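Coordinates from data.cif are shown below (mmCIF, C-alpha atoms).
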data_coords
loop_
_atom_site.label_atom_id
_atom_site.label_comp_id
_atom_site.auth_asym_id
_atom_site.auth_seq_id
_atom_site.Cartn_x
_atom_site.Cartn_y
_atom_site.Cartn_z
CA MET A 1123 0.00 0.00 0.00
CA SER A 1124 1.33 3.41 -0.93
CA SER A 1125 1.94 5.62 2.08
CA SER A 1126 0.92 8.83 0.37
CA ASP A 1127 -1.67 8.14 -2.33
CA SER A 1128 -3.81 5.48 -0.70
CA PHE A 1129 -7.43 6.32 -0.10
CA TRP A 1130 -10.50 4.46 1.02
CA PRO A 1131 -13.79 4.21 -0.89
CA HIS A 1132 -16.90 6.01 0.25
CA GLY A 1133 -19.34 3.90 2.19
CA GLU A 1134 -16.74 2.49 4.55
CA PRO A 1135 -16.53 3.76 8.13
CA LEU A 1136 -14.03 6.51 8.76
CA ARG A 1137 -11.04 4.97 10.55
CA VAL A 1138 -9.19 7.26 12.96
CA GLY A 1139 -6.29 6.57 15.30
CA TYR A 1140 -6.19 8.45 18.60
CA VAL A 1141 -2.68 9.10 19.92
CA LEU A 1142 -2.60 9.72 23.68
CA LYS A 1143 0.21 10.00 26.20
CA ARG A 1144 -1.48 7.70 28.69
CA PHE A 1145 -4.82 5.94 28.39
CA PRO A 1146 -7.07 5.50 30.22
CA ARG A 1147 -6.58 8.39 32.64
CA LEU A 1148 -9.22 9.39 35.17
CA SER A 1149 -8.42 13.11 34.98
CA GLU A 1150 -8.94 13.03 31.20
CA THR A 1151 -12.40 11.50 31.07
CA PHE A 1152 -13.36 14.18 28.53
CA ILE A 1153 -11.20 12.37 25.96
CA LEU A 1154 -12.97 9.08 26.62
CA ASN A 1155 -16.34 10.85 26.32
CA GLU A 1156 -15.29 12.32 22.99
CA MET A 1157 -14.25 8.93 21.64
CA LEU A 1158 -17.50 7.32 22.76
CA ALA A 1159 -19.46 10.03 20.95
CA LEU A 1160 -17.39 9.55 17.80
CA GLU A 1161 -18.04 5.82 17.89
CA ARG A 1162 -21.76 6.51 18.19
CA ALA A 1163 -21.38 8.71 15.10
CA GLY A 1164 -19.98 5.76 13.16
CA ILE A 1165 -16.21 6.29 13.37
CA GLU A 1166 -13.96 3.27 13.91
CA LEU A 1167 -11.27 4.17 16.43
CA THR A 1168 -7.92 2.71 17.41
CA VAL A 1169 -6.19 4.13 20.50
CA PHE A 1170 -2.40 4.36 20.71
CA SER A 1171 -1.22 4.98 24.28
CA LEU A 1172 2.43 6.03 24.63
CA LYS A 1173 2.52 4.93 28.26
CA ARG A 1174 0.76 2.36 30.40
CA PRO A 1175 -2.16 3.50 32.59
CA LEU A 1176 -1.56 4.24 36.27
CA ASP A 1177 -5.02 4.93 37.69
CA GLU A 1178 -6.22 2.53 40.35
CA ILE A 1179 -9.84 3.66 39.97
CA ARG A 1180 -11.41 2.30 36.80
CA ASN A 1181 -13.79 4.45 34.82
CA GLU A 1182 -16.99 2.49 34.20
CA LEU A 1183 -17.47 4.31 30.89
CA LEU A 1184 -14.43 2.47 29.53
CA GLU A 1185 -16.56 -0.65 29.20
CA ARG A 1186 -18.55 1.08 26.44
CA LEU A 1187 -15.51 1.82 24.26
CA ARG A 1188 -15.24 -0.52 21.27
CA ALA A 1189 -11.86 0.77 20.09
CA LYS A 1190 -8.80 -1.44 20.18
CA ILE A 1191 -6.33 0.01 22.72
CA ILE A 1192 -2.66 -0.45 21.84
CA HIS A 1193 -0.16 0.36 24.59
CA LEU A 1194 3.04 1.21 22.74
CA PRO A 1195 5.46 0.01 25.46
CA GLU A 1196 4.01 -3.47 24.97
CA VAL A 1197 4.27 -3.64 21.18
CA VAL A 1198 6.99 -1.22 20.08
CA ASP A 1199 9.73 -3.87 20.04
CA CYS A 1200 7.50 -6.21 18.02
CA VAL A 1201 6.83 -3.76 15.19
CA PRO A 1202 9.25 -4.12 12.25
CA ARG A 1203 11.27 -0.93 11.94
CA THR A 1204 11.61 -0.41 8.20
CA ILE A 1205 11.60 3.37 8.50
CA GLU A 1206 14.81 5.34 8.28
CA ASN A 1207 15.82 7.73 11.05
CA THR A 1208 17.59 10.04 8.60
CA GLY A 1209 16.95 13.70 9.32
CA TRP A 1210 14.87 13.13 12.43
CA SER A 1211 17.47 13.91 15.08
CA ALA A 1212 17.63 17.66 14.49
CA LEU A 1213 13.87 17.98 14.04
CA MET A 1214 13.16 16.13 17.27
CA GLU A 1215 15.36 18.58 19.17
CA HIS A 1216 13.04 21.37 18.01
CA LEU A 1217 9.81 19.41 18.49
CA VAL A 1218 10.52 18.31 22.06
CA PRO A 1219 12.92 20.84 23.60
CA GLY A 1220 14.29 20.08 27.01
CA LYS A 1221 14.15 16.30 26.69
CA SER A 1222 17.16 14.02 26.76
CA GLU A 1223 18.43 12.21 23.69
CA GLY A 1224 17.08 8.97 25.12
CA GLU A 1225 13.60 10.46 25.62
CA ARG A 1226 13.58 11.86 22.08
CA SER A 1227 14.70 8.51 20.69
CA ALA A 1228 11.97 6.64 22.58
CA LEU A 1229 9.33 9.06 21.31
CA LEU A 1230 10.61 8.73 17.75
CA THR A 1231 10.50 4.95 17.99
CA LYS A 1232 6.90 5.04 19.19
CA GLY A 1233 5.98 7.38 16.35
CA HIS A 1234 7.53 4.93 13.88
CA ALA A 1235 5.55 2.08 15.44
CA ILE A 1236 2.30 4.05 15.12
CA ALA A 1237 3.11 4.71 11.44
CA THR A 1238 3.56 1.01 10.73
CA LEU A 1239 0.38 0.09 12.60
CA ALA A 1240 -1.60 2.91 10.97
CA LEU A 1241 -0.80 1.52 7.52
CA HIS A 1242 -1.51 -2.05 8.60
CA LEU A 1243 -4.89 -0.99 10.06
CA ARG A 1244 -5.65 1.22 7.03
CA LEU A 1245 -6.28 4.26 9.21
CA GLN A 1246 -7.33 7.39 7.36
CA HIS A 1247 -6.41 9.96 9.97
CA LEU A 1248 -4.57 10.37 13.29
CA HIS A 1249 -5.66 12.69 16.09
CA ALA A 1250 -3.72 13.49 19.27
CA HIS A 1251 -4.68 15.23 22.49
CA PHE A 1252 -2.31 17.78 24.06
CA ALA A 1253 0.35 19.55 22.01
CA SER A 1254 3.20 17.69 23.68
CA ASP A 1255 4.45 14.10 23.46
CA ALA A 1256 1.29 12.63 21.93
CA THR A 1257 1.23 15.23 19.16
CA THR A 1258 4.94 14.74 18.49
CA ALA A 1259 4.40 10.99 18.08
CA ALA A 1260 1.41 11.64 15.80
CA LEU A 1261 3.47 14.03 13.68
CA VAL A 1262 6.24 11.44 13.30
CA ALA A 1263 3.70 8.75 12.41
CA ALA A 1264 1.96 11.02 9.91
CA ARG A 1265 5.18 11.92 8.11
CA GLN A 1266 6.31 8.32 7.92
CA SER A 1267 2.96 6.85 6.85
CA GLY A 1268 1.43 9.60 4.75
CA VAL A 1269 -1.67 9.55 6.94
CA GLY A 1270 -2.82 13.03 7.92
CA PHE A 1271 -2.95 14.14 11.55
CA SER A 1272 -4.53 16.77 13.76
CA PHE A 1273 -4.47 17.52 17.46
CA THR A 1274 -6.40 19.15 20.27
CA ALA A 1275 -4.56 21.72 22.39
CA HIS A 1276 -5.75 22.22 25.95
CA ALA A 1277 -3.87 24.21 28.61
CA ARG A 1278 -0.53 23.15 30.09
CA ASP A 1279 0.60 22.01 26.65
CA ILE A 1280 0.33 25.54 25.26
CA PHE A 1281 0.98 27.77 28.28
CA HIS A 1282 3.55 25.96 30.41
CA SER A 1283 7.16 27.07 29.98
CA TYR A 1284 9.28 23.94 29.50
CA VAL A 1285 12.51 25.63 28.33
CA SER A 1286 11.75 29.25 27.41
CA PRO A 1287 8.78 30.97 25.77
CA ASP A 1288 10.55 31.36 22.42
CA VAL A 1289 11.83 27.78 22.28
CA ASP A 1290 8.52 26.32 23.46
CA ASP A 1291 6.50 28.37 20.96
CA GLU A 1292 8.78 27.29 18.11
CA ALA A 1293 7.95 23.66 18.93
CA ARG A 1294 4.24 24.50 18.94
CA ARG A 1295 4.59 26.39 15.67
CA LEU A 1296 6.20 23.38 13.97
CA LYS A 1297 3.41 21.08 15.14
CA ILE A 1298 0.66 23.44 14.02
CA ALA A 1299 2.31 23.86 10.61
CA ALA A 1300 2.45 20.08 10.11
CA ALA A 1301 -1.15 19.37 11.18
CA ARG A 1302 -4.16 19.23 8.88
CA PHE A 1303 -5.96 21.24 11.54
CA VAL A 1304 -5.75 22.08 15.22
CA VAL A 1305 -8.62 22.06 17.69
CA THR A 1306 -8.47 23.99 20.91
CA VAL A 1307 -11.00 24.18 23.70
CA SER A 1308 -11.61 27.92 24.03
CA GLU A 1309 -11.48 31.15 22.07
CA TYR A 1310 -8.93 32.34 24.62
CA ASN A 1311 -6.64 29.49 23.57
CA ARG A 1312 -7.32 30.03 19.88
CA ARG A 1313 -6.28 33.68 20.04
CA HIS A 1314 -3.10 32.68 21.83
CA LEU A 1315 -2.23 29.97 19.28
CA LEU A 1316 -2.93 32.25 16.32
CA GLY A 1317 -0.43 34.64 17.87
CA VAL A 1318 2.09 31.80 17.88
CA ALA A 1319 1.38 30.29 14.46
CA GLY A 1320 0.00 33.17 12.41
CA ALA A 1321 -3.49 34.33 11.54
CA ARG A 1322 -3.94 31.85 8.66
CA ALA A 1323 -3.28 28.73 10.72
CA PRO A 1324 -6.18 26.20 10.59
CA ILE A 1325 -7.08 26.47 14.28
CA VAL A 1326 -10.68 26.01 15.40
CA THR A 1327 -12.41 26.36 18.74
CA LEU A 1328 -14.35 23.30 19.79
CA TYR A 1329 -15.54 23.16 23.38
CA ASN A 1330 -15.22 19.93 25.30
CA GLY A 1331 -18.65 18.35 25.37
CA ILE A 1332 -20.45 16.43 28.08
CA ASP A 1333 -23.03 13.69 27.80
CA LEU A 1334 -26.04 15.60 29.09
CA SER A 1335 -27.99 12.38 29.65
CA ARG A 1336 -25.56 11.50 32.47
CA PHE A 1337 -26.09 14.81 34.28
CA GLU A 1338 -29.65 15.13 35.50
CA PHE A 1339 -30.70 18.58 36.68
CA THR A 1340 -31.14 18.70 40.46
CA ALA A 1341 -33.29 21.46 41.93
CA ASP A 1342 -31.99 23.64 44.73
CA ALA A 1343 -34.64 22.31 47.11
CA ASP A 1344 -33.11 18.84 46.81
CA ARG A 1345 -29.60 20.00 47.70
CA GLU A 1346 -27.90 20.18 51.11
CA PRO A 1347 -27.58 23.77 52.35
CA GLY A 1348 -24.04 24.95 53.02
CA ARG A 1349 -22.32 22.11 51.17
CA ILE A 1350 -19.38 23.24 49.01
CA LEU A 1351 -17.83 20.97 46.40
CA ALA A 1352 -14.50 21.38 44.60
CA VAL A 1353 -13.18 18.90 42.04
CA GLY A 1354 -9.81 18.80 40.31
CA ARG A 1355 -6.24 17.65 40.48
CA LEU A 1356 -4.40 18.96 43.53
CA VAL A 1357 -2.00 21.16 41.59
CA GLU A 1358 -1.10 24.84 41.84
CA LYS A 1359 -3.27 26.09 38.97
CA LYS A 1360 -6.49 24.79 40.58
CA GLY A 1361 -6.14 27.32 43.41
CA PHE A 1362 -7.36 25.06 46.20
CA ASP A 1363 -5.08 26.86 48.66
CA ASP A 1364 -7.21 29.95 48.02
CA LEU A 1365 -10.36 27.91 48.63
CA ILE A 1366 -9.08 26.71 52.00
CA GLU A 1367 -8.30 30.28 53.02
CA ALA A 1368 -11.77 31.32 51.82
CA CYS A 1369 -13.24 28.58 54.03
CA ARG A 1370 -11.32 29.96 57.01
CA LEU A 1371 -12.86 33.36 56.31
CA LEU A 1372 -16.32 31.78 56.01
CA ARG A 1373 -15.90 30.33 59.49
CA GLU A 1374 -14.83 33.74 60.81
CA ARG A 1375 -18.03 35.20 59.39
CA GLY A 1376 -20.08 32.63 61.26
CA PHE A 1377 -21.18 30.41 58.37
CA SER A 1378 -21.82 26.73 58.91
CA TYR A 1379 -20.63 24.68 55.93
CA GLN A 1380 -19.01 21.46 54.72
CA CYS A 1381 -16.41 21.68 51.96
CA ASP A 1382 -15.33 18.52 50.11
CA ILE A 1383 -12.33 18.66 47.76
CA VAL A 1384 -12.21 15.74 45.32
CA GLY A 1385 -8.97 14.85 43.55
CA GLY A 1386 -5.40 13.76 44.05
CA GLY A 1387 -2.09 15.30 43.16
CA GLU A 1388 1.24 16.73 44.17
CA LYS A 1389 -0.18 19.41 46.49
CA GLU A 1390 -2.11 16.99 48.71
CA SER A 1391 0.34 17.17 51.62
CA ASP A 1392 0.61 20.97 51.43
CA LEU A 1393 -3.16 21.38 51.38
CA SER A 1394 -3.62 18.95 54.25
CA HIS A 1395 -1.19 20.95 56.37
CA GLN A 1396 -2.90 24.20 55.40
CA ILE A 1397 -6.27 22.81 56.51
CA GLU A 1398 -4.74 21.88 59.86
CA ARG A 1399 -3.07 25.27 60.34
CA ALA A 1400 -6.27 27.11 59.40
CA GLY A 1401 -8.22 25.14 61.99
CA VAL A 1402 -10.90 24.07 59.51
CA GLY A 1403 -10.28 20.31 59.66
CA LYS A 1404 -13.85 19.61 60.78
CA SER A 1405 -15.32 21.49 57.83
CA VAL A 1406 -12.88 20.88 54.95
CA ARG A 1407 -12.08 17.37 53.71
CA LEU A 1408 -9.70 16.06 51.05
CA LEU A 1409 -11.52 13.05 49.60
CA GLY A 1410 -8.89 11.94 47.10
CA ALA A 1411 -9.66 10.82 43.56
CA LEU A 1412 -13.13 9.41 42.94
CA SER A 1413 -14.82 7.76 39.98
CA PRO A 1414 -16.86 9.97 37.63
CA GLU A 1415 -20.02 8.32 38.92
CA ALA A 1416 -19.15 9.20 42.52
CA VAL A 1417 -18.38 12.79 41.54
CA VAL A 1418 -21.83 13.13 39.97
CA GLN A 1419 -23.42 12.00 43.24
CA HIS A 1420 -21.47 14.67 45.13
CA MET A 1421 -22.67 17.24 42.59
CA LYS A 1422 -26.27 16.30 43.27
CA ARG A 1423 -25.83 16.93 47.01
CA ALA A 1424 -23.77 20.14 46.98
CA SER A 1425 -25.26 23.62 46.96
CA VAL A 1426 -22.19 25.46 45.57
CA MET A 1427 -19.27 24.44 43.34
CA VAL A 1428 -16.00 26.35 43.77
CA LEU A 1429 -13.07 26.13 41.34
CA PRO A 1430 -10.68 29.03 42.08
CA CYS A 1431 -8.27 28.55 39.15
CA LYS A 1432 -5.18 30.71 38.73
CA VAL A 1433 -2.03 30.96 36.62
CA SER A 1434 0.83 28.92 38.08
CA GLN A 1435 4.38 30.18 38.41
CA SER A 1436 5.33 28.24 35.26
CA GLY A 1437 2.56 29.91 33.27
CA ASP A 1438 0.29 26.86 33.34
CA ARG A 1439 -3.45 27.50 33.62
CA ASP A 1440 -6.72 25.70 33.07
CA GLY A 1441 -8.16 25.70 29.57
CA LEU A 1442 -11.82 24.75 29.93
CA PRO A 1443 -12.40 22.85 33.19
CA THR A 1444 -14.79 19.98 32.50
CA VAL A 1445 -16.10 20.03 36.06
CA LEU A 1446 -17.57 23.48 35.44
CA LEU A 1447 -19.41 22.20 32.37
CA GLU A 1448 -20.81 19.39 34.48
CA SER A 1449 -21.86 21.77 37.25
CA LEU A 1450 -23.83 23.80 34.70
CA ALA A 1451 -25.59 20.66 33.51
CA VAL A 1452 -26.69 19.47 36.96
CA GLY A 1453 -27.79 22.94 38.05
CA LEU A 1454 -25.03 23.40 40.64
CA PRO A 1455 -24.19 27.13 40.94
CA ALA A 1456 -20.45 27.68 40.56
CA VAL A 1457 -17.93 30.23 41.77
CA SER A 1458 -14.78 30.40 39.67
CA THR A 1459 -12.24 32.90 38.36
CA SER A 1460 -11.71 34.91 35.19
CA VAL A 1461 -8.74 32.80 34.07
CA ALA A 1462 -8.29 31.64 30.46
CA GLY A 1463 -11.47 30.14 28.96
CA ILE A 1464 -13.55 30.08 32.14
CA PRO A 1465 -15.55 33.24 31.22
CA GLU A 1466 -16.64 31.30 28.11
CA ILE A 1467 -18.28 28.77 30.45
CA ILE A 1468 -19.69 31.09 33.09
CA GLU A 1469 -21.37 34.39 32.35
CA HIS A 1470 -20.87 36.33 35.55
CA GLY A 1471 -24.13 36.93 37.37
CA ARG A 1472 -26.14 34.78 34.93
CA SER A 1473 -24.80 31.22 34.91
CA GLY A 1474 -22.39 31.56 37.83
CA LEU A 1475 -20.15 33.98 39.68
CA LEU A 1476 -16.60 34.95 38.69
CA VAL A 1477 -13.93 36.58 40.84
CA GLU A 1478 -10.36 37.62 40.19
CA PRO A 1479 -7.82 34.82 40.73
CA SER A 1480 -5.78 34.53 43.95
CA ARG A 1481 -8.31 36.51 46.02
CA PRO A 1482 -9.67 34.28 48.80
CA ALA A 1483 -11.79 37.08 50.29
CA ALA A 1484 -13.57 37.50 46.95
CA ILE A 1485 -14.30 33.76 46.91
CA THR A 1486 -15.74 34.06 50.40
CA ASP A 1487 -17.93 36.97 49.31
CA ALA A 1488 -19.26 35.04 46.31
CA VAL A 1489 -19.97 31.86 48.28
CA SER A 1490 -21.65 33.88 51.03
CA LYS A 1491 -23.85 35.56 48.43
CA LEU A 1492 -25.00 32.20 47.07
CA PHE A 1493 -25.53 30.75 50.55
CA CYS A 1494 -27.85 33.64 51.43
CA ASP A 1495 -29.83 34.02 48.21
CA ARG A 1496 -31.94 31.02 47.22
CA ALA A 1497 -33.55 32.91 44.32
CA LEU A 1498 -30.12 33.70 42.87
CA ARG A 1499 -29.08 30.06 43.16
CA ALA A 1500 -32.23 28.96 41.32
CA THR A 1501 -31.78 31.55 38.57
CA ILE A 1502 -28.13 30.60 38.03
CA ALA A 1503 -28.95 26.90 38.03
CA ALA A 1504 -31.61 27.24 35.33
CA ALA A 1505 -29.43 29.49 33.17
CA GLY A 1506 -26.51 27.11 33.61
CA ARG A 1507 -28.44 24.11 32.33
CA THR A 1508 -29.61 26.10 29.31
CA ARG A 1509 -26.03 27.17 28.57
CA ALA A 1510 -24.76 23.60 28.85
CA GLU A 1511 -27.37 22.41 26.38
CA ARG A 1512 -26.53 25.21 23.94
CA LEU A 1513 -22.73 25.14 24.00
CA PHE A 1514 -21.44 21.94 25.56
CA ASP A 1515 -23.55 19.11 24.20
CA LEU A 1516 -21.20 16.20 23.55
CA THR A 1517 -23.12 14.78 20.59
CA GLU A 1518 -23.19 18.12 18.79
CA ASN A 1519 -19.54 18.99 19.45
CA ALA A 1520 -18.24 15.53 18.57
CA GLY A 1521 -20.30 15.75 15.39
CA ARG A 1522 -18.34 18.84 14.41
CA LEU A 1523 -15.06 17.02 15.03
CA ARG A 1524 -16.25 14.13 12.89
CA ARG A 1525 -16.98 16.56 10.06
CA TYR A 1526 -13.47 18.00 10.35
CA PHE A 1527 -12.00 14.49 10.09
CA ALA A 1528 -14.16 13.77 7.06
CA GLN A 1529 -13.25 17.05 5.34
CA VAL A 1530 -9.49 16.60 5.53
CA THR A 1531 -9.72 12.90 4.68
CA GLU A 1532 -11.83 13.68 1.62
CA ALA A 1533 -9.39 16.38 0.55
CA LYS A 1534 -6.47 13.97 0.80
CA ALA A 1535 -8.34 11.25 -1.09
CA THR A 1536 -9.26 13.50 -4.01
CA GLN A 1537 -6.15 15.68 -4.39
CA LYS A 1538 -2.57 14.63 -4.96
CA GLY A 1539 0.44 16.04 -3.17
CA ASP A 1540 1.02 17.37 0.30
CA SER A 1541 -0.43 20.86 -0.03
CA ASP A 1542 -2.62 23.29 1.83
CA ALA A 1543 -5.56 21.76 -0.02
CA HIS A 1544 -5.39 18.92 2.50
CA ARG A 1545 -5.83 21.28 5.44
CA LEU A 1546 -9.08 22.26 7.07
CA SER A 1547 -10.74 25.35 5.67
CA VAL A 1548 -11.66 27.62 8.58
CA GLY A 1549 -12.54 30.74 6.65
#

With the file now loaded, output its structure as structure tokens.
Amino acid sequence: MSSSDSFWPHGEPLRVGYVLKRFPRLSETFILNEMLALERAGIELTVFSLKRPLDEIRNELLERLRAKIIHLPEVVDCVPRTIENTGWSALMEHLVPGKSEGERSALLTKGHAIATLALHLRLQHLHAHFASDATTAALVAARQSGVGFSFTAHARDIFHSYVSPDVDDEARRLKIAAARFVVTVSEYNRRHLLGVAGARAPIVTLYNGIDLSRFEFTADADREPGRILAVGRLVEKKGFDDLIEACRLLRERGFSYQCDIVGGGEKESDLSHQIERAGVGKSVRLLGALSPEAVVQHMKRASVMVLPCKVSQSGDRDGLPTVLLESLAVGLPAVSTSVAGIPEIIEHGRSGLLVEPSRPAAITDAVSKLFCDRALRATIAAAGRTRAERLFDLTENAGRLRRYFAQVTEAKATQKGDSDAHRLSVG
């Protein structure tokens, strides 16, 4: 089979390979949801995972996925390497700055393996999530196989400083230039990436979607008064240290409340000590990582969601926190910050409340306001559900992604050569 001119007749299912750094991963359930929606839309998927999974908690939704999952560490040595390494060394230094020669070599080898498997499986397109290792492997595989690729950019992968802003942006620019198209999860991100890659780059905004059938609206009357919920990895950019300080201020103001923080991560010990020092151990609990199903149950009980995101010292920030989309859907009023794409989720005063980042007292004010105003909670809850249905419906958003896949695959099948004609038209 030719690696560049092969195409597949109409009437067959579209075959797409998903390239992911680690799959499955509990904190990236939005990717699993997207793949499930694409399968429902008729796409045949194959998943290439660069690393083995680590999560101890299994996502029940995984049982619904029909895709074959290939963990590269388990097959890479079994794939015949008929592809030359000529010219790759210098390019890899630019694509993955800051990594050792051994790390670059391992990533290149995995990309070669994906290329071989993509041709064997007759895949028509490759798609990666996060503009880092997974996208690099997809780029390598695409160049070696002739199969087109695209990727979704999220947050850390486009804002975090790995080496220096100039060096990091050059790597991102190379990846964008090689891709048929790039998806990102907010207009905020898209503007940033266009500044990196140029105004003509085929970059589209496509919000993460949620399966609205899994998130039943719960009325305020059925919720527990004074129950705060926060969900996310315990890392700097989530701002949970600000939430704990806000809880201390709530206690000073005489409010009775229970705050549950769901998630695991590197800041767990620091946050635990902060809770102890603040004297709020009876009211603030770190629950660790929970299954998506358990998180939904917590959302049905809580009266306020708080996600006080901020920009970390390395420049990392949240892109479009899925938990806020879910809180809209279940009618759980949320307090968050004006960081990155969050104002695209929450319209301040209509579908939630926004405060400036790193201001615990402002969080306290917003939570107090919601605690004391049932009518406001009800208004925000209703508006939030409407907004979720309008902007974040998984079926609709995955349908758009499917159309993008089909457009670039059709262009490649009907036009010869590796030209801009194969790229997504976003004008």

Quiz prompt | Output of the PyMOL selection byres ((chain A and resi 1417-1424) around 7), listed as a ChimeraX atom specification | solution = /A:1340,1345-1346,1349-1351,1412-1416,1425-1426,1454

Quiz prompt | Which residue of A:Ile1165, A:Lys1432, A:Pro1195, A:Asp1177 approaches A:Glu1150 most closely, using all atoms listed in the file | solution =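 Using all atoms listed in the file, the shortest distance to A:Glu1150 belongs to A:Asp1177.
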
Practice problem: Return the single residue from A:Val1218, A:Val1477, A:Ile1192, A:Ala1319 that is closest to A:Ala1240, with distances computed using only C-alpha atoms. | Solution: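 Among A:Val1218, A:Val1477, A:Ile1192, A:Ala1319, it is A:Ile1192 that comes nearest to A:Ala1240.
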
Quiz item: So which residues are close to (5.5, 27.2, 16.9), meaning at most 12 Å away in the file's coordinates with all atoms listed in the file counted, and can you show them as a ChimeraX atom specification?
Solution: /A:1216-1219,1253-1254,1280,1287-1301,1314-1320,1323

Write a file of the just-selected residues containing C-alpha atoms, as an mmCIF file, keeping the file's coordinate frame.
data_model
loop_
_atom_site.group_PDB
_atom_site.id
_atom_site.type_symbol
_atom_site.label_atom_id
_atom_site.label_comp_id
_atom_site.auth_asym_id
_atom_site.auth_seq_id
_atom_site.Cartn_x
_atom_site.Cartn_y
_atom_site.Cartn_z
ATOM 1 C CA HIS A 1216 13.040 21.370 18.010
ATOM 2 C CA LEU A 1217 9.810 19.410 18.490
ATOM 3 C CA VAL A 1218 10.520 18.310 22.060
ATOM 4 C CA PRO A 1219 12.920 20.840 23.600
ATOM 5 C CA ALA A 1253 0.350 19.550 22.010
ATOM 6 C CA SER A 1254 3.200 17.690 23.680
ATOM 7 C CA ILE A 1280 0.330 25.540 25.260
ATOM 8 C CA PRO A 1287 8.780 30.970 25.770
ATOM 9 C CA ASP A 1288 10.550 31.360 22.420
ATOM 10 C CA VAL A 1289 11.830 27.780 22.280
ATOM 11 C CA ASP A 1290 8.520 26.320 23.460
ATOM 12 C CA ASP A 1291 6.500 28.370 20.960
ATOM 13 C CA GLU A 1292 8.780 27.290 18.110
ATOM 14 C CA ALA A 1293 7.950 23.660 18.930
ATOM 15 C CA ARG A 1294 4.240 24.500 18.940
ATOM 16 C CA ARG A 1295 4.590 26.390 15.670
ATOM 17 C CA LEU A 1296 6.200 23.380 13.970
ATOM 18 C CA LYS A 1297 3.410 21.080 15.140
ATOM 19 C CA ILE A 1298 0.660 23.440 14.020
ATOM 20 C CA ALA A 1299 2.310 23.860 10.610
ATOM 21 C CA ALA A 1300 2.450 20.080 10.110
ATOM 22 C CA ALA A 1301 -1.150 19.370 11.180
ATOM 23 C CA HIS A 1314 -3.100 32.680 21.830
ATOM 24 C CA LEU A 1315 -2.230 29.970 19.280
ATOM 25 C CA LEU A 1316 -2.930 32.250 16.320
ATOM 26 C CA GLY A 1317 -0.430 34.640 17.870
ATOM 27 C CA VAL A 1318 2.090 31.800 17.880
ATOM 28 C CA ALA A 1319 1.380 30.290 14.460
ATOM 29 C CA GLY A 1320 0.000 33.170 12.410
ATOM 30 C CA ALA A 1323 -3.280 28.730 10.720
#

Exercise. Just the residues within 10 Å of stretch 1157-1159 of chain A, please, counting all atoms listed in the file, with nothing from its chain fewer than 2 positions along; format it as a VMD selection string.
Key: chain A and resid 1140 1151 to 1155 1161 to 1169 1183 to 1184 1186 to 1189 1331 to 1333 1516 to 1521 1524

Quiz prompt | Hits from the PyMOL selection byres ((chain A and resi 1348) around 12), listed as an MDAnalysis selection string | solution = chainID A and resid 1342 1345:1347 1349:1351 1369 1372:1373 1376:1382 1405 1423:1427 1489:1496

Self-check item: Explicit residues for the PyMOL selection byres ((chain A and resi 1255) around 9) (as JSON, numbers by chain)
Solution: {"A": [1142, 1143, 1172, 1218, 1229, 1252, 1253, 1254, 1256, 1257, 1258, 1259, 1260]}

Practice problem: Excluding stretch 1241-1251 of chain A and residues on its chain fewer than 4 positions from it, collect all residues at most 8 Å away from it, counting only C-alpha atoms, and give them as a list of chain:residue names. | Solution: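 Listing them by chain and then by number gives A:Met1123, A:Ser1125, A:Phe1129, A:Trp1130, A:Leu1136, A:Arg1137, A:Val1138, A:Gly1139, A:Tyr1140, A:Val1141, A:Leu1142, A:Ile1153, A:Ala1237, A:Ala1256, A:Thr1257, A:Ala1260, A:Ala1264, A:Ser1267, A:Val1269, A:Gly1270, A:Phe1271, A:Ser1272, A:Phe1273, A:Thr1274, A:Ala1275, A:His1276, A:Phe1527, A:Thr1531.
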
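Distances here use all atoms listed in the file; by that measure, the residue among A:Arg1322, A:Arg1302, A:Arg1336, A:His1193 closest to A:Glu1532 is A:Arg1302.
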
Quiz item: A:Trp1210, A:Phe1303, A:Phe1281, A:Phe1514: which is nearest A:Asn1330, counting all atoms listed in the file?
Solution: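 For A:Asn1330, the nearest of the candidates is A:Phe1514.
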
Quiz item: Which polymer residues have any atom within 7 Å of an atom of A:Pro1455, counting all atoms listed in the file, with same-chain residues fewer than 6 positions away left out, as a list of chain:residue names?
Solution: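 Those residues are A:Val1426, A:Met1427, A:Ser1449, A:Gly1474, A:Arg1499, A:Ile1502, A:Ala1503.
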
Practice problem: Find the distance between atom CA of A:Arg1144 and atom CA of A:Leu1213 and write it in Å to one decimal. | Solution: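 Spanning atom CA of A:Arg1144 to atom CA of A:Leu1213 is a straight-line distance of 23.6 Å.
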